[in-house]
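Text of my_file.txt, listed as compact mmCIF, N, CA and C atoms:
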# COMPACT_ATOMS: atom_id res chain seq x y z
N MET A 235 67.85 88.30 91.93
CA MET A 235 68.85 88.66 92.90
C MET A 235 69.61 87.41 93.33
N LYS A 236 70.92 87.53 93.40
CA LYS A 236 71.78 86.46 93.87
C LYS A 236 72.30 86.87 95.25
N VAL A 237 72.21 85.98 96.23
CA VAL A 237 72.59 86.32 97.61
C VAL A 237 73.48 85.23 98.18
N SER A 238 74.49 85.66 98.92
CA SER A 238 75.36 84.75 99.66
C SER A 238 75.67 85.42 101.00
N GLN A 239 75.56 84.69 102.09
CA GLN A 239 75.83 85.25 103.41
C GLN A 239 77.18 84.74 103.91
N GLY A 240 77.98 85.67 104.44
CA GLY A 240 79.29 85.32 104.95
C GLY A 240 79.57 86.05 106.24
N SER A 241 80.83 86.19 106.55
CA SER A 241 81.24 86.90 107.76
C SER A 241 82.55 87.63 107.48
N LEU A 242 82.94 88.49 108.43
CA LEU A 242 84.17 89.26 108.27
C LEU A 242 85.38 88.47 108.76
N GLY A 243 86.47 88.64 108.04
CA GLY A 243 87.73 88.01 108.41
C GLY A 243 88.76 89.06 108.77
N ARG A 244 89.92 89.00 108.12
CA ARG A 244 91.02 89.92 108.41
C ARG A 244 90.70 91.33 107.92
N VAL A 245 91.36 92.30 108.54
CA VAL A 245 91.26 93.70 108.13
C VAL A 245 92.66 94.16 107.77
N PHE A 246 92.80 94.75 106.59
CA PHE A 246 94.08 95.26 106.12
C PHE A 246 93.97 96.76 105.87
N VAL A 247 95.03 97.49 106.13
CA VAL A 247 95.14 98.88 105.73
C VAL A 247 96.40 98.97 104.87
N LEU A 248 96.24 99.47 103.65
CA LEU A 248 97.34 99.56 102.70
C LEU A 248 97.62 101.02 102.37
N ARG A 249 98.87 101.32 102.18
CA ARG A 249 99.25 102.61 101.62
C ARG A 249 99.82 102.35 100.24
N LEU A 250 99.05 102.68 99.22
CA LEU A 250 99.56 102.60 97.86
C LEU A 250 100.44 103.82 97.63
N GLU A 251 101.42 103.65 96.75
CA GLU A 251 102.41 104.70 96.55
C GLU A 251 102.41 105.18 95.11
N ASP A 252 103.12 106.27 94.88
CA ASP A 252 103.21 106.91 93.58
C ASP A 252 103.50 105.89 92.49
N GLY A 253 102.63 105.83 91.49
CA GLY A 253 102.84 104.94 90.37
C GLY A 253 102.18 103.58 90.50
N ASP A 254 101.73 103.20 91.72
CA ASP A 254 100.97 101.96 91.84
C ASP A 254 99.71 102.10 90.99
N ARG A 255 99.28 101.00 90.39
CA ARG A 255 98.15 101.05 89.46
C ARG A 255 96.99 100.20 89.98
N LEU A 256 95.80 100.75 89.77
CA LEU A 256 94.57 99.99 90.01
C LEU A 256 94.07 99.51 88.66
N PRO A 257 93.56 98.31 88.54
CA PRO A 257 93.27 97.36 89.60
C PRO A 257 94.44 96.45 89.98
N ASP A 258 95.54 96.52 89.24
CA ASP A 258 96.66 95.58 89.39
C ASP A 258 97.15 95.45 90.83
N SER A 259 97.38 96.58 91.50
CA SER A 259 97.96 96.56 92.85
C SER A 259 97.10 95.79 93.83
N LEU A 260 95.79 96.03 93.81
CA LEU A 260 94.91 95.35 94.76
C LEU A 260 94.71 93.88 94.40
N GLU A 261 94.68 93.56 93.12
CA GLU A 261 94.56 92.16 92.72
C GLU A 261 95.82 91.38 93.10
N ARG A 262 96.99 91.99 92.93
CA ARG A 262 98.25 91.34 93.32
C ARG A 262 98.31 91.15 94.84
N PHE A 263 97.90 92.19 95.60
CA PHE A 263 97.85 92.08 97.05
C PHE A 263 96.94 90.92 97.48
N ALA A 264 95.77 90.83 96.86
CA ALA A 264 94.83 89.77 97.21
C ALA A 264 95.44 88.39 96.93
N ALA A 265 96.07 88.22 95.78
CA ALA A 265 96.70 86.94 95.44
C ALA A 265 97.83 86.61 96.42
N ASP A 266 98.66 87.60 96.75
CA ASP A 266 99.79 87.37 97.65
C ASP A 266 99.35 87.03 99.07
N ASN A 267 98.14 87.44 99.45
CA ASN A 267 97.67 87.25 100.82
C ASN A 267 96.51 86.25 100.91
N ASP A 268 96.34 85.45 99.86
CA ASP A 268 95.31 84.43 99.84
C ASP A 268 93.96 85.01 100.25
N LEU A 269 93.63 86.14 99.65
CA LEU A 269 92.41 86.87 99.94
C LEU A 269 91.42 86.58 98.81
N ARG A 270 90.40 85.82 99.10
CA ARG A 270 89.45 85.39 98.08
C ARG A 270 88.37 86.44 97.80
N CYS A 271 87.76 86.96 98.85
CA CYS A 271 86.67 87.94 98.71
C CYS A 271 86.91 89.09 99.67
N ALA A 272 86.60 90.32 99.24
CA ALA A 272 86.84 91.48 100.10
C ALA A 272 86.02 92.67 99.66
N PHE A 273 85.85 93.59 100.61
CA PHE A 273 85.31 94.92 100.35
C PHE A 273 86.46 95.89 100.50
N CYS A 274 86.57 96.89 99.60
CA CYS A 274 87.68 97.84 99.62
C CYS A 274 87.14 99.27 99.58
N ALA A 275 87.75 100.14 100.37
CA ALA A 275 87.46 101.58 100.32
C ALA A 275 88.80 102.30 100.17
N LEU A 276 88.85 103.29 99.29
CA LEU A 276 90.11 103.95 98.94
C LEU A 276 89.95 105.46 98.96
N LEU A 277 90.98 106.15 99.46
CA LEU A 277 91.09 107.61 99.42
C LEU A 277 92.48 107.94 98.92
N GLY A 278 92.61 108.93 98.04
CA GLY A 278 93.95 109.31 97.61
C GLY A 278 93.95 110.17 96.37
N GLY A 279 95.03 110.05 95.62
CA GLY A 279 95.22 110.83 94.42
C GLY A 279 95.38 109.95 93.20
N ALA A 280 94.83 110.40 92.08
CA ALA A 280 94.98 109.72 90.79
C ALA A 280 95.84 110.60 89.90
N ASP A 281 96.79 110.00 89.23
CA ASP A 281 97.72 110.74 88.39
C ASP A 281 97.11 111.09 87.04
N ALA A 282 97.65 112.13 86.44
CA ALA A 282 97.26 112.52 85.09
C ALA A 282 97.47 111.34 84.15
N GLY A 283 96.57 111.17 83.21
CA GLY A 283 96.67 110.08 82.26
C GLY A 283 95.96 108.81 82.70
N SER A 284 95.50 108.77 83.96
CA SER A 284 94.74 107.62 84.42
C SER A 284 93.47 107.48 83.59
N LYS A 285 93.03 106.24 83.41
CA LYS A 285 91.86 105.97 82.57
C LYS A 285 90.74 105.37 83.41
N MET A 286 89.54 105.90 83.17
CA MET A 286 88.35 105.38 83.84
C MET A 286 87.29 105.06 82.79
N VAL A 287 86.56 103.96 83.01
CA VAL A 287 85.42 103.63 82.16
C VAL A 287 84.24 104.40 82.72
N VAL A 288 83.67 105.29 81.91
CA VAL A 288 82.65 106.22 82.40
C VAL A 288 81.25 105.95 81.84
N GLY A 289 81.05 104.78 81.32
CA GLY A 289 79.71 104.41 80.89
C GLY A 289 79.70 103.77 79.53
N PRO A 290 78.61 103.13 79.20
CA PRO A 290 78.46 102.62 77.83
C PRO A 290 78.05 103.76 76.91
N ARG A 291 78.51 103.69 75.69
CA ARG A 291 78.15 104.71 74.70
C ARG A 291 76.63 104.70 74.49
N ASP A 292 76.04 103.52 74.40
CA ASP A 292 74.59 103.38 74.23
C ASP A 292 74.15 102.31 75.23
N GLY A 293 73.34 102.69 76.21
CA GLY A 293 72.94 101.78 77.28
C GLY A 293 72.07 100.62 76.84
N ARG A 294 71.56 100.65 75.63
CA ARG A 294 70.71 99.55 75.14
C ARG A 294 71.43 98.62 74.17
N ALA A 295 72.58 99.01 73.65
CA ALA A 295 73.31 98.17 72.70
C ALA A 295 74.07 97.09 73.45
N MET A 296 73.98 95.86 72.95
CA MET A 296 74.69 94.74 73.56
C MET A 296 75.57 94.06 72.54
N PRO A 297 76.81 93.73 72.87
CA PRO A 297 77.44 94.09 74.15
C PRO A 297 77.73 95.59 74.19
N PRO A 298 77.78 96.16 75.40
CA PRO A 298 77.99 97.60 75.51
C PRO A 298 79.39 98.01 75.06
N GLU A 299 79.45 99.19 74.46
CA GLU A 299 80.74 99.77 74.07
C GLU A 299 81.18 100.73 75.17
N ALA A 300 82.31 100.42 75.80
CA ALA A 300 82.80 101.24 76.91
C ALA A 300 83.26 102.60 76.43
N MET A 301 83.01 103.61 77.26
CA MET A 301 83.52 104.96 77.02
C MET A 301 84.65 105.19 78.02
N LEU A 302 85.79 105.66 77.54
CA LEU A 302 86.94 105.92 78.41
C LEU A 302 87.09 107.42 78.64
N HIS A 303 87.47 107.76 79.85
CA HIS A 303 87.82 109.14 80.17
C HIS A 303 89.25 109.13 80.68
N ILE A 304 90.09 109.96 80.11
CA ILE A 304 91.49 110.07 80.56
C ILE A 304 91.59 111.32 81.42
N LEU A 305 92.08 111.15 82.65
CA LEU A 305 92.19 112.28 83.57
C LEU A 305 93.27 113.25 83.10
N ALA A 306 92.89 114.50 82.95
CA ALA A 306 93.82 115.57 82.59
C ALA A 306 94.26 116.24 83.88
N GLY A 307 95.44 115.95 84.32
CA GLY A 307 95.94 116.50 85.57
C GLY A 307 95.65 115.55 86.73
N VAL A 308 96.29 115.84 87.85
CA VAL A 308 96.12 115.05 89.07
C VAL A 308 94.73 115.32 89.64
N HIS A 309 94.07 114.26 90.11
CA HIS A 309 92.74 114.35 90.70
C HIS A 309 92.72 113.72 92.09
N GLU A 310 91.86 114.24 92.96
CA GLU A 310 91.54 113.57 94.21
C GLU A 310 90.58 112.44 93.88
N ILE A 311 90.71 111.28 94.57
CA ILE A 311 89.78 110.18 94.31
C ILE A 311 89.28 109.57 95.62
N ALA A 312 88.06 109.09 95.54
CA ALA A 312 87.45 108.26 96.58
C ALA A 312 86.80 107.11 95.84
N ALA A 313 86.98 105.89 96.35
CA ALA A 313 86.50 104.73 95.60
C ALA A 313 86.06 103.61 96.55
N VAL A 314 85.13 102.81 96.06
CA VAL A 314 84.72 101.59 96.77
C VAL A 314 84.68 100.46 95.76
N GLY A 315 84.91 99.25 96.25
CA GLY A 315 84.89 98.12 95.34
C GLY A 315 84.87 96.80 96.08
N THR A 316 84.80 95.74 95.29
CA THR A 316 84.84 94.39 95.83
C THR A 316 85.86 93.56 95.07
N ILE A 317 86.38 92.57 95.76
CA ILE A 317 87.25 91.57 95.14
C ILE A 317 86.54 90.23 95.27
N PHE A 318 86.40 89.54 94.15
CA PHE A 318 85.89 88.17 94.12
C PHE A 318 86.70 87.41 93.09
N PRO A 319 86.81 86.09 93.23
CA PRO A 319 87.58 85.32 92.24
C PRO A 319 86.86 85.27 90.90
N ASP A 320 87.66 85.24 89.82
CA ASP A 320 87.08 85.04 88.49
C ASP A 320 86.92 83.55 88.25
N ALA A 321 86.53 83.17 87.05
CA ALA A 321 86.26 81.76 86.74
C ALA A 321 87.49 80.88 86.93
N GLU A 322 88.70 81.46 86.82
CA GLU A 322 89.93 80.69 87.01
C GLU A 322 90.43 80.75 88.46
N GLY A 323 89.72 81.44 89.33
CA GLY A 323 90.11 81.54 90.73
C GLY A 323 91.02 82.71 91.06
N ASN A 324 91.29 83.57 90.08
CA ASN A 324 92.14 84.74 90.31
C ASN A 324 91.34 85.89 90.91
N PRO A 325 91.94 86.65 91.85
CA PRO A 325 91.23 87.78 92.43
C PRO A 325 90.93 88.83 91.36
N LYS A 326 89.69 89.32 91.34
CA LYS A 326 89.27 90.31 90.35
C LYS A 326 88.60 91.46 91.08
N LEU A 327 89.17 92.67 90.92
CA LEU A 327 88.64 93.86 91.55
C LEU A 327 87.59 94.52 90.67
N HIS A 328 86.47 94.88 91.27
CA HIS A 328 85.47 95.73 90.61
C HIS A 328 85.34 96.95 91.51
N MET A 329 85.85 98.09 91.04
CA MET A 329 85.90 99.31 91.86
C MET A 329 85.48 100.51 91.03
N HIS A 330 84.63 101.33 91.62
CA HIS A 330 84.24 102.60 91.01
C HIS A 330 84.80 103.73 91.84
N ALA A 331 85.28 104.76 91.15
CA ALA A 331 85.91 105.91 91.80
C ALA A 331 85.26 107.20 91.34
N ALA A 332 85.24 108.15 92.26
CA ALA A 332 84.89 109.53 91.93
C ALA A 332 86.20 110.30 91.95
N ALA A 333 86.50 110.98 90.86
CA ALA A 333 87.75 111.73 90.73
C ALA A 333 87.40 113.19 90.48
N GLY A 334 88.02 114.08 91.26
CA GLY A 334 87.71 115.49 91.11
C GLY A 334 88.93 116.37 91.05
N ARG A 335 88.80 117.48 90.32
CA ARG A 335 89.85 118.50 90.23
C ARG A 335 89.14 119.82 89.97
N GLU A 336 89.35 120.79 90.86
CA GLU A 336 88.66 122.08 90.78
C GLU A 336 87.16 121.85 90.67
N ASP A 337 86.53 122.34 89.61
CA ASP A 337 85.08 122.21 89.50
C ASP A 337 84.65 121.08 88.56
N PHE A 338 85.56 120.11 88.31
CA PHE A 338 85.26 118.99 87.42
C PHE A 338 85.28 117.69 88.22
N ALA A 339 84.34 116.81 87.95
CA ALA A 339 84.33 115.48 88.56
C ALA A 339 83.98 114.43 87.52
N ALA A 340 84.60 113.28 87.64
CA ALA A 340 84.28 112.12 86.80
C ALA A 340 84.08 110.93 87.72
N VAL A 341 83.14 110.08 87.37
CA VAL A 341 82.88 108.87 88.14
C VAL A 341 82.91 107.70 87.18
N GLY A 342 83.63 106.65 87.56
CA GLY A 342 83.68 105.49 86.67
C GLY A 342 84.45 104.34 87.27
N CYS A 343 84.60 103.30 86.49
CA CYS A 343 85.28 102.08 86.90
C CYS A 343 86.78 102.22 86.64
N VAL A 344 87.59 101.70 87.56
CA VAL A 344 89.05 101.83 87.46
C VAL A 344 89.69 100.76 86.58
N ARG A 345 88.90 99.86 85.99
CA ARG A 345 89.45 98.70 85.28
C ARG A 345 90.38 99.06 84.13
N ALA A 346 90.26 100.26 83.58
CA ALA A 346 91.11 100.66 82.45
C ALA A 346 92.51 101.09 82.89
N GLY A 347 92.70 101.32 84.20
CA GLY A 347 94.03 101.66 84.72
C GLY A 347 94.12 103.03 85.34
N VAL A 348 94.04 103.10 86.65
CA VAL A 348 94.19 104.35 87.39
C VAL A 348 95.52 104.28 88.13
N ASP A 349 96.40 105.23 87.84
CA ASP A 349 97.70 105.30 88.50
C ASP A 349 97.62 106.22 89.71
N ILE A 350 98.16 105.75 90.82
CA ILE A 350 98.15 106.53 92.05
C ILE A 350 99.14 107.69 91.94
N TRP A 351 98.71 108.85 92.37
CA TRP A 351 99.58 110.02 92.48
C TRP A 351 99.95 110.17 93.94
N LYS A 352 101.21 109.98 94.23
CA LYS A 352 101.82 110.11 95.55
C LYS A 352 101.31 109.10 96.58
N VAL A 353 100.00 109.07 96.87
CA VAL A 353 99.54 108.17 97.94
C VAL A 353 98.05 107.89 97.81
N ALA A 354 97.68 106.69 98.22
CA ALA A 354 96.27 106.33 98.40
C ALA A 354 96.22 105.39 99.60
N GLU A 355 95.22 105.57 100.41
CA GLU A 355 94.99 104.69 101.56
C GLU A 355 93.81 103.79 101.23
N VAL A 356 93.98 102.50 101.51
CA VAL A 356 92.93 101.53 101.21
C VAL A 356 92.65 100.70 102.45
N VAL A 357 91.38 100.59 102.80
CA VAL A 357 90.97 99.66 103.85
C VAL A 357 90.34 98.47 103.14
N VAL A 358 90.83 97.27 103.48
CA VAL A 358 90.36 96.04 102.85
C VAL A 358 89.78 95.16 103.95
N LEU A 359 88.49 94.83 103.81
CA LEU A 359 87.82 93.95 104.76
C LEU A 359 87.60 92.60 104.09
N GLU A 360 88.22 91.57 104.63
CA GLU A 360 88.07 90.22 104.09
C GLU A 360 86.66 89.71 104.36
N LEU A 361 86.05 89.11 103.34
CA LEU A 361 84.72 88.51 103.45
C LEU A 361 84.88 87.00 103.36
N LEU A 362 84.40 86.29 104.37
CA LEU A 362 84.57 84.85 104.46
C LEU A 362 83.29 84.09 104.15
N ASP A 363 83.47 82.84 103.76
CA ASP A 363 82.36 81.88 103.61
C ASP A 363 81.35 82.28 102.55
N LEU A 364 81.79 82.95 101.51
CA LEU A 364 80.90 83.34 100.42
C LEU A 364 81.10 82.39 99.23
N ASP A 365 80.02 82.04 98.57
CA ASP A 365 80.08 81.10 97.45
C ASP A 365 79.74 81.81 96.14
N MET A 366 80.51 82.90 95.87
CA MET A 366 80.27 83.66 94.64
C MET A 366 81.58 83.87 93.88
N THR A 367 81.48 83.83 92.57
CA THR A 367 82.62 84.11 91.70
C THR A 367 82.14 85.04 90.57
N ARG A 368 83.11 85.67 89.92
CA ARG A 368 82.79 86.49 88.76
C ARG A 368 82.86 85.61 87.50
N ARG A 369 81.76 85.56 86.78
CA ARG A 369 81.71 84.78 85.55
C ARG A 369 81.21 85.66 84.41
N LYS A 370 81.80 85.46 83.24
CA LYS A 370 81.46 86.28 82.08
C LYS A 370 80.03 86.01 81.62
N ASP A 371 79.27 87.09 81.51
CA ASP A 371 77.90 87.03 81.01
C ASP A 371 77.96 87.15 79.48
N PRO A 372 77.41 86.17 78.75
CA PRO A 372 77.54 86.21 77.29
C PRO A 372 76.85 87.40 76.63
N GLU A 373 75.78 87.92 77.22
CA GLU A 373 75.07 89.05 76.60
C GLU A 373 75.83 90.36 76.76
N THR A 374 76.30 90.64 77.97
CA THR A 374 76.92 91.94 78.24
C THR A 374 78.44 91.92 78.14
N GLY A 375 79.03 90.73 78.33
CA GLY A 375 80.49 90.64 78.38
C GLY A 375 81.03 90.99 79.76
N PHE A 376 80.17 91.41 80.70
CA PHE A 376 80.60 91.74 82.05
C PHE A 376 80.90 90.47 82.83
N GLU A 377 81.84 90.56 83.77
CA GLU A 377 82.08 89.47 84.71
C GLU A 377 81.18 89.72 85.91
N LEU A 378 80.06 88.98 85.96
CA LEU A 378 79.04 89.19 86.98
C LEU A 378 79.19 88.20 88.12
N LEU A 379 78.83 88.65 89.34
CA LEU A 379 78.84 87.75 90.48
C LEU A 379 77.81 86.67 90.28
N THR A 380 78.25 85.42 90.44
CA THR A 380 77.40 84.25 90.24
C THR A 380 77.61 83.32 91.42
N LYS A 381 76.52 82.73 91.91
CA LYS A 381 76.64 81.75 92.98
C LYS A 381 77.26 80.47 92.42
N ASP A 382 78.22 79.93 93.17
CA ASP A 382 78.90 78.69 92.75
C ASP A 382 77.96 77.51 92.81

Whole structure given in structure tokens:
Amino acid sequence: MKVSQGSLGRVFVLRLEDGDRLPDSLERFAADNDLRCAFCALLGGADAGSKMVVGPRDGRAMPPEAMLHILAGVHEIAAVGTIFPDAEGNPKLHMHAAAGREDFAAVGCVRAGVDIWKVAEVVVLELLDLDMTRRKDPETGFELLTKD
């Protein structure tokens, strides 16, 4: 287990609009606002054609082969995630979303590109004094939180 203790800083509330894309929109916001580390919670709509990573094809094969799910139709979404700098110091969002439509639900990572349908509300809590960055793990290929 890797642990870093920090404190809360600024609080932001964002309204993402039709066509804004995750993770791009939140990473750009973080860069524009000198936001190094944060916790994010999101509610809203995901547009048809949005892509979510829904698991590795084989959980034991390394590096894992990502499985993509493309949303057919507009979905309601709820998501949580974190922003931490990558090895180059750029803000990197790691966010998982639950997307539902009628009696279907998909849960996965937004890294493949989720487009907002009409609106999404995001609460962003800045995390201060943390000494962690995302660094690529050679075995999995994942960018894992690592203590500096």

How close does each residue of stretch 269-352 of chain A get to stretch 361-375 of chain A, giving the shortest atom pair and distance in Å to one decimal for every residue with an atom at most 12 Å away, counting only C-alpha atoms, sorted by chain and residue number, as a tab-separated table?
residue	atom	partner	partner_atom	distance
A:Leu269	CA	A:Leu361	CA	8.6
A:Arg270	CA	A:Leu361	CA	7.8
A:Cys271	CA	A:Leu361	CA	5.2
A:Ala272	CA	A:Leu361	CA	5.0
A:Phe273	CA	A:Leu361	CA	7.1
A:Cys274	CA	A:Leu361	CA	10.5
A:Pro290	CA	A:Thr374	CA	10.8
A:Gly293	CA	A:Thr374	CA	10.7
A:Arg294	CA	A:Thr374	CA	10.3
A:Ala295	CA	A:Thr374	CA	9.1
A:Met296	CA	A:Thr374	CA	5.9
A:Pro297	CA	A:Thr374	CA	4.6
A:Pro298	CA	A:Thr374	CA	6.4
A:Glu299	CA	A:Thr374	CA	9.7
A:Ala300	CA	A:Gly375	CA	10.9
A:Thr316	CA	A:Leu361	CA	9.6
A:Ile317	CA	A:Leu361	CA	9.2
A:Phe318	CA	A:Thr367	CA	5.7
A:Pro319	CA	A:Thr367	CA	5.1
A:Asp320	CA	A:Arg368	CA	4.5
A:Ala321	CA	A:Arg369	CA	5.6
A:Glu322	CA	A:Arg369	CA	9.3
A:Gly323	CA	A:Thr367	CA	8.0
A:Asn324	CA	A:Arg368	CA	9.6
A:Pro325	CA	A:Arg368	CA	9.3
A:Lys326	CA	A:Arg368	CA	7.7
A:Leu327	CA	A:Arg368	CA	9.8
A:His328	CA	A:Arg368	CA	9.8

**Q.** Atomic separation - atom C of A:Gly240 relative to atom CA of A:Asp268, Å
**A.** 17.1 Å

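Among the candidate residues A:Pro257, A:Gly289, A:Gly342, A:Gly243, the one lying nearest to A:Glu360 is A:Gly243, with distances computed using only C-alpha atoms.
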
(Q) Please return, as a ChimeraX atom specification, all residues of stretch 297-376 of chain A that DSSP assigns to strand (DSSP E or B) on the basis of the backbone. (A) /A:300-304,309-320,325-335,338-343,348-362,366-370

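Here atom CA of A:Ile350 and atom CA of A:Leu250 stand 7.2 Å from one another.
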
Q. Between A:Glu355, A:Asp382, A:Asp337, A:Glu377, which one has atoms that come closest to A:Leu276, using only N, CA and C atoms?
A.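 Of A:Glu355, A:Asp382, A:Asp337, A:Glu377, the one nearest A:Leu276, counting only N, CA and C atoms, is A:Glu355.
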
If you keep N, CA and C atoms, can you output stretch 254-274 of chain A as a short mmCIF file (atom, residue, chain, number, x, y, z; two decimals), in the first residue's frame?
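out_25.cif, freshly written:
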data_model
loop_
_atom_site.label_atom_id
_atom_site.label_comp_id
_atom_site.auth_asym_id
_atom_site.auth_seq_id
_atom_site.Cartn_x
_atom_site.Cartn_y
_atom_site.Cartn_z
N ASP A 254 -18.73 18.27 -24.68
CA ASP A 254 -17.49 18.23 -23.90
C ASP A 254 -17.11 16.76 -23.72
N ARG A 255 -15.82 16.48 -23.71
CA ARG A 255 -15.35 15.09 -23.67
C ARG A 255 -14.54 14.84 -22.40
N LEU A 256 -14.77 13.66 -21.85
CA LEU A 256 -13.94 13.16 -20.74
C LEU A 256 -12.95 12.17 -21.34
N PRO A 257 -11.72 12.16 -20.91
CA PRO A 257 -11.15 12.89 -19.81
C PRO A 257 -10.64 14.29 -20.16
N ASP A 258 -10.64 14.64 -21.44
CA ASP A 258 -10.01 15.88 -21.93
C ASP A 258 -10.47 17.13 -21.17
N SER A 259 -11.78 17.28 -20.99
CA SER A 259 -12.32 18.51 -20.38
C SER A 259 -11.79 18.72 -18.97
N LEU A 260 -11.78 17.66 -18.17
CA LEU A 260 -11.32 17.82 -16.78
C LEU A 260 -9.81 17.97 -16.70
N GLU A 261 -9.07 17.32 -17.58
CA GLU A 261 -7.62 17.49 -17.58
C GLU A 261 -7.25 18.90 -18.02
N ARG A 262 -7.95 19.45 -19.01
CA ARG A 262 -7.70 20.83 -19.45
C ARG A 262 -8.06 21.82 -18.34
N PHE A 263 -9.20 21.60 -17.67
CA PHE A 263 -9.58 22.45 -16.55
C PHE A 263 -8.50 22.44 -15.47
N ALA A 264 -8.01 21.25 -15.13
CA ALA A 264 -6.97 21.14 -14.10
C ALA A 264 -5.72 21.91 -14.51
N ALA A 265 -5.28 21.77 -15.74
CA ALA A 265 -4.09 22.48 -16.22
C ALA A 265 -4.31 23.99 -16.19
N ASP A 266 -5.48 24.44 -16.64
CA ASP A 266 -5.77 25.87 -16.68
C ASP A 266 -5.86 26.50 -15.30
N ASN A 267 -6.16 25.70 -14.28
CA ASN A 267 -6.36 26.21 -12.94
C ASN A 267 -5.27 25.77 -11.96
N ASP A 268 -4.15 25.32 -12.50
CA ASP A 268 -3.02 24.90 -11.69
C ASP A 268 -3.46 23.95 -10.58
N LEU A 269 -4.25 22.97 -10.97
CA LEU A 269 -4.81 21.98 -10.06
C LEU A 269 -3.98 20.71 -10.20
N ARG A 270 -3.21 20.39 -9.20
CA ARG A 270 -2.29 19.26 -9.26
C ARG A 270 -2.99 17.93 -8.91
N CYS A 271 -3.72 17.91 -7.82
CA CYS A 271 -4.38 16.69 -7.35
C CYS A 271 -5.81 17.02 -6.96
N ALA A 272 -6.75 16.11 -7.26
CA ALA A 272 -8.16 16.39 -6.96
C ALA A 272 -8.97 15.11 -6.91
N PHE A 273 -10.11 15.21 -6.24
CA PHE A 273 -11.16 14.20 -6.26
C PHE A 273 -12.31 14.79 -7.06
N CYS A 274 -12.94 13.99 -7.94
CA CYS A 274 -14.02 14.48 -8.80
C CYS A 274 -15.24 13.56 -8.69
#
